[in-house]
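structure15.txt, holding compact mmCIF, C-alpha atoms:
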```
# COMPACT_ATOMS: atom_id res chain seq x y z
CA MET I 169 206.50 107.02 122.49
CA GLN I 170 203.37 107.03 124.61
CA SER I 171 201.92 103.99 126.29
CA LEU I 172 199.07 102.29 124.42
CA ASP I 173 196.62 103.48 127.08
CA GLN I 174 197.73 107.09 126.48
CA GLN I 175 197.32 106.64 122.72
CA VAL I 176 193.79 105.33 123.28
CA ILE I 177 192.73 108.29 125.42
CA ASP I 178 194.41 110.80 123.09
CA ARG I 179 192.52 109.33 120.14
CA ALA I 180 189.27 109.45 122.13
CA LEU I 181 189.88 113.14 122.84
CA GLN I 182 190.67 113.81 119.19
CA TRP I 183 187.37 112.28 118.06
CA HIS I 184 185.46 113.96 120.86
CA LEU I 185 186.76 117.40 119.86
CA GLN I 186 185.58 116.65 116.32
CA GLY I 187 182.06 116.25 117.71
CA GLU I 188 181.96 112.45 117.62
CA CYS I 189 180.51 110.01 120.12
CA VAL I 190 183.13 107.50 121.29
CA TRP I 191 182.99 104.10 122.97
CA LEU I 192 185.69 103.45 125.57
CA CYS I 193 186.22 99.76 126.36
CA THR I 194 188.16 98.28 129.29
CA VAL I 195 189.02 94.62 129.79
CA LEU I 196 187.75 93.72 133.28
CA HIS I 197 188.75 90.09 133.55
CA SER I 198 190.18 87.31 131.43
CA TRP I 199 190.08 83.54 131.81
CA GLY I 200 192.02 80.88 129.95
CA SER I 201 194.31 82.13 127.21
CA ALA I 202 192.51 85.42 126.56
CA PRO I 203 195.46 87.49 125.30
CA ARG I 204 194.73 90.87 126.93
CA ALA I 205 195.12 91.60 130.63
CA PRO I 206 192.60 93.42 132.85
CA GLY I 207 192.79 97.17 132.33
CA ALA I 208 193.59 96.98 128.60
CA LEU I 209 191.82 99.74 126.66
CA LEU I 210 190.23 100.25 123.26
CA VAL I 211 188.33 103.23 121.89
CA ALA I 212 186.14 103.27 118.78
CA ASN I 213 183.88 105.68 116.94
CA GLN I 214 180.67 105.17 114.97
CA GLN I 215 182.59 104.86 111.69
CA GLY I 216 184.36 101.71 112.91
CA GLN I 217 187.74 103.34 113.48
CA PHE I 218 189.50 102.21 116.63
CA CYS I 219 192.69 102.48 118.69
CA GLY I 220 193.89 99.92 121.21
CA SER I 221 193.06 96.27 121.64
CA LEU I 222 190.73 93.97 123.56
CA SER I 223 191.95 90.58 122.44
CA GLY I 224 194.89 91.03 120.12
CA GLY I 225 192.50 90.88 117.13
CA CYS I 226 190.14 87.99 117.96
CA ILE I 227 186.96 89.91 118.77
CA GLU I 228 187.52 93.50 117.63
CA GLU I 229 185.79 92.90 114.29
CA ASP I 230 182.68 91.56 116.00
CA PHE I 231 182.64 94.42 118.49
CA LEU I 232 182.91 97.06 115.76
CA ALA I 233 180.14 95.41 113.72
CA ARG I 234 177.81 95.40 116.73
CA LEU I 235 178.70 99.02 117.53
CA GLN I 236 177.75 100.14 114.02
CA GLN I 237 174.48 98.22 114.35
CA GLY I 238 173.61 100.28 117.43
CA THR I 239 174.06 97.49 119.99
CA PHE I 240 175.97 99.50 122.60
CA ASN I 241 173.82 102.56 123.33
CA ALA I 242 173.79 102.46 127.15
CA ALA I 243 176.02 104.89 129.05
CA SER I 244 177.83 101.84 130.40
CA GLN I 245 177.45 98.07 130.20
CA ILE I 246 179.44 94.86 130.66
CA VAL I 247 179.61 92.28 127.89
CA ARG I 248 181.27 88.88 127.83
CA TYR I 249 183.16 87.36 124.93
CA GLY I 250 183.84 83.64 124.96
CA GLU I 251 181.96 80.78 126.60
CA GLY I 252 178.64 81.95 128.04
CA GLY I 253 178.90 85.34 126.34
CA LEU I 254 177.92 86.96 123.06
CA ALA I 255 177.39 84.57 120.18
CA THR I 256 180.14 85.32 117.66
CA SER I 257 181.65 83.66 114.63
CA THR I 258 185.11 84.08 116.15
CA ARG I 259 186.25 82.24 119.26
CA LEU I 260 189.00 83.28 121.60
CA PRO I 261 191.96 80.86 121.55
CA CYS I 262 191.76 77.79 123.78
CA GLY I 263 188.37 78.69 125.21
CA GLY I 264 189.45 82.05 126.63
CA VAL I 265 186.82 84.39 128.11
CA LEU I 266 186.82 88.21 128.41
CA ASP I 267 184.54 90.51 130.38
CA VAL I 268 184.60 94.00 128.88
CA LEU I 269 183.27 97.30 130.22
CA ILE I 270 181.87 99.50 127.43
CA GLU I 271 181.28 103.22 128.09
CA ARG I 272 179.46 105.45 125.61
CA LEU I 273 180.82 108.99 125.84
CA LEU I 274 178.74 111.70 124.20
CA PRO I 275 180.44 114.77 122.68
CA ASP I 276 179.57 116.98 125.64
CA ALA I 277 181.39 118.92 128.37
CA ALA I 278 181.10 116.12 130.93
CA SER I 279 182.78 113.59 128.63
CA LEU I 280 185.48 116.11 127.70
CA ASN I 281 186.32 116.64 131.37
CA HIS I 282 186.27 112.87 131.94
CA LEU I 283 188.70 112.18 129.11
CA ARG I 284 191.03 115.01 130.07
CA ARG I 285 191.27 113.75 133.64
CA LEU I 286 192.09 110.27 132.35
CA GLN I 287 194.73 111.78 130.07
CA GLN I 288 196.33 113.64 133.00
CA ALA I 289 196.35 110.54 135.19
CA LEU I 290 198.01 108.41 132.50
CA ALA I 291 200.63 111.13 131.93
CA GLY I 292 201.76 110.88 135.55
CA GLY I 293 199.20 113.01 137.37
CA ASP I 294 197.15 111.95 140.36
CA ARG I 295 195.96 108.35 140.19
CA LEU I 296 192.20 108.14 139.79
CA ARG I 297 189.51 105.72 140.90
CA LYS I 298 186.79 105.16 138.30
CA GLN I 299 183.45 104.19 139.85
CA ILE I 300 180.56 103.10 137.64
CA VAL I 301 177.00 102.05 138.36
CA ILE I 302 176.15 99.99 135.29
CA GLY I 303 173.86 101.90 132.98
CA GLN I 304 175.17 105.25 134.20
CA SER I 305 178.20 107.40 133.39
CA ALA I 306 181.44 106.93 135.32
CA GLN I 307 182.50 109.05 138.27
CA LEU I 308 186.18 109.84 138.86
CA GLU I 309 187.82 110.57 142.19
CA THR I 310 191.45 111.01 143.21
CA GLU I 311 192.80 107.80 144.70
CA SER I 312 194.52 108.52 147.99
CA ASP I 313 195.71 104.98 148.78
CA ARG I 314 199.48 104.51 148.40
CA VAL I 315 198.90 101.07 146.87
CA PRO I 316 196.26 101.07 144.10
CA ARG I 317 193.18 99.07 145.00
CA ALA I 318 192.36 96.06 142.88
CA LEU I 319 189.91 96.20 140.01
CA CYS I 320 186.56 94.82 141.17
CA TYR I 321 183.16 94.47 139.54
CA ASP I 322 179.86 92.64 139.54
CA HIS I 323 176.68 92.80 137.45
CA ASP I 324 175.78 96.20 138.90
CA SER I 325 179.02 98.17 139.33
CA VAL I 326 182.69 98.55 138.42
CA SER I 327 185.56 100.08 140.40
CA LEU I 328 189.05 100.38 138.91
CA SER I 329 192.25 102.43 139.18
CA VAL I 330 193.61 104.63 136.39
CA GLY I 331 197.21 105.82 136.46
CA SER I 332 200.49 106.17 134.64
CA VAL I 333 202.62 103.27 133.43
CA PRO I 334 205.27 102.02 135.91
CA THR I 335 208.70 103.63 135.96
CA LEU I 336 212.03 101.86 136.35
CA LEU I 337 214.65 104.07 137.99
CA LEU I 338 218.15 102.67 137.50
CA ALA I 339 220.51 104.02 140.16
CA GLY I 340 223.71 103.92 138.15
CA TYR I 341 224.64 102.22 134.90
CA SER I 342 226.21 98.77 134.43
CA ALA I 343 225.93 95.86 132.02
CA VAL I 344 223.03 94.44 134.05
CA ALA I 345 221.36 97.84 134.29
CA GLY I 346 221.59 98.16 130.51
CA GLU I 347 219.78 94.85 130.05
CA CYS I 348 217.15 95.88 132.61
CA LEU I 349 216.68 99.06 130.59
CA ARG I 350 216.01 97.11 127.40
CA LEU I 351 213.58 94.70 129.05
CA ALA I 352 211.72 97.49 130.85
CA LEU I 353 211.13 99.35 127.58
CA MET I 354 209.86 96.12 126.02
CA LEU I 355 207.43 95.82 128.96
CA GLY I 356 206.08 99.30 128.24
CA MET I 357 207.68 100.96 131.26
CA GLN I 358 209.23 104.39 131.45
CA VAL I 359 212.95 104.28 132.33
CA ILE I 360 215.09 106.82 134.16
CA VAL I 361 218.85 106.22 134.41
CA CYS I 362 220.87 108.36 136.84
CA GLU I 363 224.63 108.14 136.30
CA HIS I 364 227.19 110.66 137.55
CA ARG I 365 230.41 108.70 136.84
CA ASP I 366 232.03 109.90 133.61
CA ALA I 367 233.15 106.51 132.26
CA PHE I 368 229.77 104.86 132.87
CA TRP I 369 227.91 107.91 131.55
CA GLN I 370 229.89 107.56 128.32
CA GLN I 371 228.96 103.86 128.08
CA LEU I 372 225.32 104.71 128.65
CA GLN I 373 225.39 107.29 125.85
CA GLU I 374 227.16 104.92 123.47
CA HIS I 375 224.90 101.91 124.02
CA HIS I 376 221.49 103.57 124.35
CA LEU I 377 220.41 106.15 121.83
CA PRO I 378 217.82 108.76 122.82
CA GLN I 379 214.32 107.39 122.55
CA PRO I 380 210.85 108.00 123.95
CA HIS I 381 210.23 106.68 127.45
CA LEU I 382 213.95 106.81 128.29
CA ARG I 383 215.53 109.65 130.31
CA CYS I 384 219.26 109.64 131.02
CA ILE I 385 220.29 112.06 133.77
CA SER I 386 223.89 112.96 134.59
CA GLN I 387 223.44 113.09 138.34
CA HIS I 388 224.14 110.90 141.36
CA PRO I 389 221.00 108.79 141.85
CA ALA I 390 220.86 109.65 145.55
CA ARG I 391 220.80 113.35 144.70
CA TYR I 392 218.10 112.78 142.10
CA LEU I 393 215.96 110.89 144.63
CA GLU I 394 216.56 113.58 147.24
CA LEU I 395 215.33 116.27 144.84
CA HIS I 396 212.57 114.44 143.00
CA GLY I 397 211.63 111.40 145.03
CA ALA I 398 209.87 108.42 143.42
CA SER I 399 206.18 107.66 143.06
CA ASP I 400 204.35 104.53 144.16
CA GLN I 401 204.51 103.43 140.52
CA THR I 402 208.33 103.36 140.52
CA ALA I 403 210.82 100.51 140.96
CA VAL I 404 214.31 101.60 142.06
CA ILE I 405 217.14 99.26 141.09
CA CYS I 406 220.77 99.46 142.24
CA ALA I 407 222.99 97.30 140.06
CA THR I 408 226.46 98.88 140.15
CA HIS I 409 228.16 96.80 142.92
CA ASP I 410 229.52 100.16 144.16
CA PRO I 411 228.33 100.99 147.70
CA ARG I 412 229.07 104.67 147.10
CA VAL I 413 226.27 104.53 144.55
CA ASP I 414 224.00 101.72 145.67
CA ASP I 415 223.97 102.37 149.43
CA LEU I 416 223.42 106.12 149.12
CA ALA I 417 220.66 105.61 146.58
CA LEU I 418 218.90 103.09 148.82
CA LEU I 419 219.12 105.45 151.81
CA GLU I 420 217.13 107.98 149.79
CA ALA I 421 214.84 105.47 148.10
CA VAL I 422 213.47 104.08 151.38
CA ASN I 423 212.03 107.56 152.05
CA THR I 424 209.82 107.28 148.96
CA PRO I 425 206.67 105.22 148.31
CA ALA I 426 208.37 103.32 145.46
CA PHE I 427 206.70 99.92 145.11
CA TYR I 428 210.01 98.05 144.62
CA LEU I 429 213.54 98.62 145.93
CA GLY I 430 216.34 96.25 145.01
CA ALA I 431 220.11 95.89 145.03
CA MET I 432 222.28 93.41 143.17
CA GLY I 433 224.78 91.24 145.02
CA SER I 434 225.43 87.80 146.47
CA ALA I 435 223.65 86.66 149.62
CA SER I 436 226.69 87.46 151.78
CA ASN I 437 227.25 90.86 150.15
CA SER I 438 223.57 91.64 150.56
CA GLN I 439 223.72 90.89 154.28
CA GLN I 440 226.75 93.17 154.60
CA ARG I 441 224.90 95.90 152.70
CA LEU I 442 221.84 95.66 154.95
CA ALA I 443 224.12 95.81 158.02
CA ARG I 444 225.75 98.98 156.65
CA LEU I 445 222.38 100.57 155.97
CA ARG I 446 221.20 99.65 159.46
CA ARG I 447 224.34 101.15 161.01
CA ILE I 448 224.99 104.19 158.83
CA GLY I 449 221.44 105.10 157.87
CA GLU I 450 219.87 104.00 161.16
CA LEU I 451 217.20 102.19 159.17
CA ASP I 452 214.74 100.12 161.13
CA GLU I 453 213.68 96.60 160.18
CA SER I 454 210.52 97.72 158.37
CA ALA I 455 212.61 99.91 156.05
CA LEU I 456 215.19 97.18 155.48
CA GLN I 457 212.49 94.63 154.67
CA ARG I 458 211.42 96.77 151.72
CA ILE I 459 214.79 96.17 150.04
CA HIS I 460 215.02 93.10 147.80
CA ALA I 461 218.58 91.91 148.31
CA PRO I 462 219.71 89.72 146.68
CA ILE I 463 217.50 91.07 143.92
CA GLY I 464 215.56 89.01 141.39
CA LEU I 465 213.90 85.63 141.18
CA PRO I 466 216.20 82.64 141.94
CA ILE I 467 216.50 81.18 138.43
CA GLY I 468 220.24 80.50 138.44
CA SER I 469 221.07 83.59 136.37
CA LYS I 470 224.68 83.97 135.20
CA THR I 471 224.89 86.46 132.31
CA PRO I 472 223.84 90.13 132.50
CA THR I 473 220.77 89.36 130.38
CA GLU I 474 219.76 86.44 132.59
CA ILE I 475 220.24 88.52 135.74
CA ALA I 476 218.18 91.33 134.23
CA LEU I 477 215.45 88.84 133.33
CA ALA I 478 215.33 87.64 136.95
CA ILE I 479 215.18 91.24 138.20
CA MET I 480 212.45 92.38 135.84
CA ALA I 481 210.40 89.22 136.43
CA ASP I 482 210.46 89.95 140.18
CA ILE I 483 209.41 93.55 139.57
CA VAL I 484 206.48 92.36 137.44
CA ARG I 485 205.57 89.85 140.15
CA VAL I 486 205.40 92.57 142.84
CA LYS I 487 203.62 95.03 140.52
CA ASN I 488 200.93 92.44 139.86
CA GLY I 489 200.48 91.68 143.53
CA ARG I 490 201.93 88.15 143.46
```
Produce structure tokens that represent the structure in this file.
Amino acid sequence: MQSLDQQVIDRALQWHLQGECVWLCTVLHSWGSAPRAPGALLVANQQGQFCGSLSGGCIEEDFLARLQQGTFNAASQIVRYGEGGLATSTRLPCGGVLDVLIERLLPDAASLNHLRRLQQALAGGDRLRKQIVIGQSAQLETESDRVPRALCYDHDSVSLSVGSVPTLLLAGYSAVAGECLRLALMLGMQVIVCEHRDAFWQQLQEHHLPQPHLRCISQHPARYLELHGASDQTAVICATHDPRVDDLALLEAVNTPAFYLGAMGSASNSQQRLARLRRIGELDESALQRIHAPIGLPIGSKTPTEIALAIMADIVRVKNGR
């Protein structure tokens, strides 16, 4: 299963290759209870067909009607739905407001190249920075910053990052890791589970059937990280309580640009773990400070599901820059 953003761009490419003009929409900002977050995508064609979502259904009908009436003919423009924006018969819930970037992509070589680069970025290729002067077509450049820059815009320009969905790398399988797996898939993340221990590998196979966005690898997680590393869109979680797994995985993970590193354990066990990593791995304080230990938000979690909820909530917090 692809992410919704990937489905949107794939559909845009499909229509483009059929010789159709397409309109690519991106949510720039939301206020109040507007139900779609910044970066959400929708694509539509002249016939009123669409893929993706701007508001969960509140304003799509109005947008498509205006599109078919020829309202959105500029190469790019920003429109507002909600208070102070376009007059519509449908209101966003609880006074919500959305600013939406609308790009008109003609069926030409430039648009084809644009869409294919977006497709590659969303599939895990180089992260891109989309720069737009309103009224003109977008320009794409490879984003070199380790941490993606924030989306920013004004009346005259838009600048936003485009990249693949986040990945959760579970260093070993356990009951908590299994619940993290389920929650991560619900959040639209890709999940990689590395498990080399026979008994736990069998549990993983029994409890989690093959499915899109889930890769189960029979390999020590430290070896996997040594060979493949982890991108800046990856969270690495150690939840086995086995230092032969967790500590070795963390020693490799700190050498990657992963945006989140975490290990499960009590406060005292976490301090012992950090001391071991300092002694055995000769990690300095800056490396140790990257490791969230104890992992997760302090919500008094007791059960594996509650612990996983605390872990995934903390990952989302860091991913969203909070």
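Atom CA of Gln358 of chain I lies 12.6 Å from atom CA of Ala398 of chain I.
Across the structure, atom CA of Arg365 of chain I and atom CA of Gly433 of chain I are spaced 20.1 Å apart.
For the atom pair formed by atom CA of Leu319 of chain I and atom CA of His197 of chain I, the distance is 9.0 Å, given to one decimal.
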Taking (216.1, 101.6, 152.9) in the coordinates of the supplied file, I want to know which residues reach to within 6 Å of it, counting only C-alpha atoms; could you give the answer as a PyMOL selection string?
chain I and resi 418-419+422+455-456
Leaving out Ile463 of chain I and any residue of its chain fewer than 6 positions from it, which residues lie within 8 Å of it when counting all atoms listed in the file, given as a VMD selection string?
chain I and resid 430 to 433 479
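Minimum atom-to-atom distance to Gln215 of chain I, evaluated using only C-alpha atoms, belongs to I:Val190 out of I:Ala403, I:Val190, I:Val195, I:Cys348.
Using all atoms listed in the file, the nearest neighbour of Ser329 of chain I within the list I:Ala443, I:Ala289, I:Leu377, I:Val484 is I:Ala289.
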Got a sec to check which residues sit within 12 Å of (189.0, 94.2, 114.7), counting only C-alpha atoms, and write them as a ChimeraX atom specification?
/I:210-212,216-235,258
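Non-sequential neighbours of segment 293-301 of chain I (distance at most 8 Å, separation of 3 or more positions within a chain, only C-alpha atoms) are I:Ser244, I:Leu286, I:Gln288, I:Ala289, I:Leu290, I:Gln304, I:Ser305, I:Ala306, I:Gln307, I:Leu308, I:Glu309, I:Thr310, I:Glu311, I:Ser312, I:Asp324, I:Ser325, I:Val326, I:Ser327, I:Leu328, I:Ser329, I:Val330, I:Gly331, I:Ser332.
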So that I can see what lies close to Trp199 of chain I, please list as an MDAnalysis selection string the residues with an atom at most 8 Å from it, counting all atoms listed in the file and leaving out residues fewer than 5 positions away in the same chain.
chainID I and resid 264:266
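Distances here use all atoms listed in the file; by that measure, the residue among I:Leu355, I:Ile405, I:Val176, I:Val486 closest to Ala461 of chain I is I:Ile405.
Proximity of I:Ala367, I:Cys384, I:Leu185, I:Leu353 to Met480 of chain I, computed with all atoms listed in the file, is greatest for I:Leu353.
For His364 of chain I, the list of residues within 12 Å, based on all atoms listed in the file and with local chain neighbours fewer than 3 positions off taken out, reads Ala339, Gly340, Tyr341, Val361, Ala367, Phe368, Trp369, Gln370, Gln371, Leu372, Cys384, Ile385, Ser386, Gln387, His388, Pro389, Ala390, Arg391, Tyr392, Arg412 and Val413 of chain I.
Closest approach to Asp400 of chain I among I:Thr239, I:Leu429, I:Asp267, I:His184 is made by I:Leu429 (distances from all atoms listed in the file).
For the choices I:Gln440, I:Gln287, I:Asn488, I:Thr402, the atom-to-atom distance to Asp178 of chain I is smallest for I:Gln287 when using all atoms listed in the file.
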Do you know which residues are at most 10 Å from Arg441 of chain I counting all atoms listed in the file, after dropping those on the same chain fewer than 5 positions away, and could you put them as a PyMOL selection string?
chain I and resi 411+414-415+431+433+435-436+446-447+461
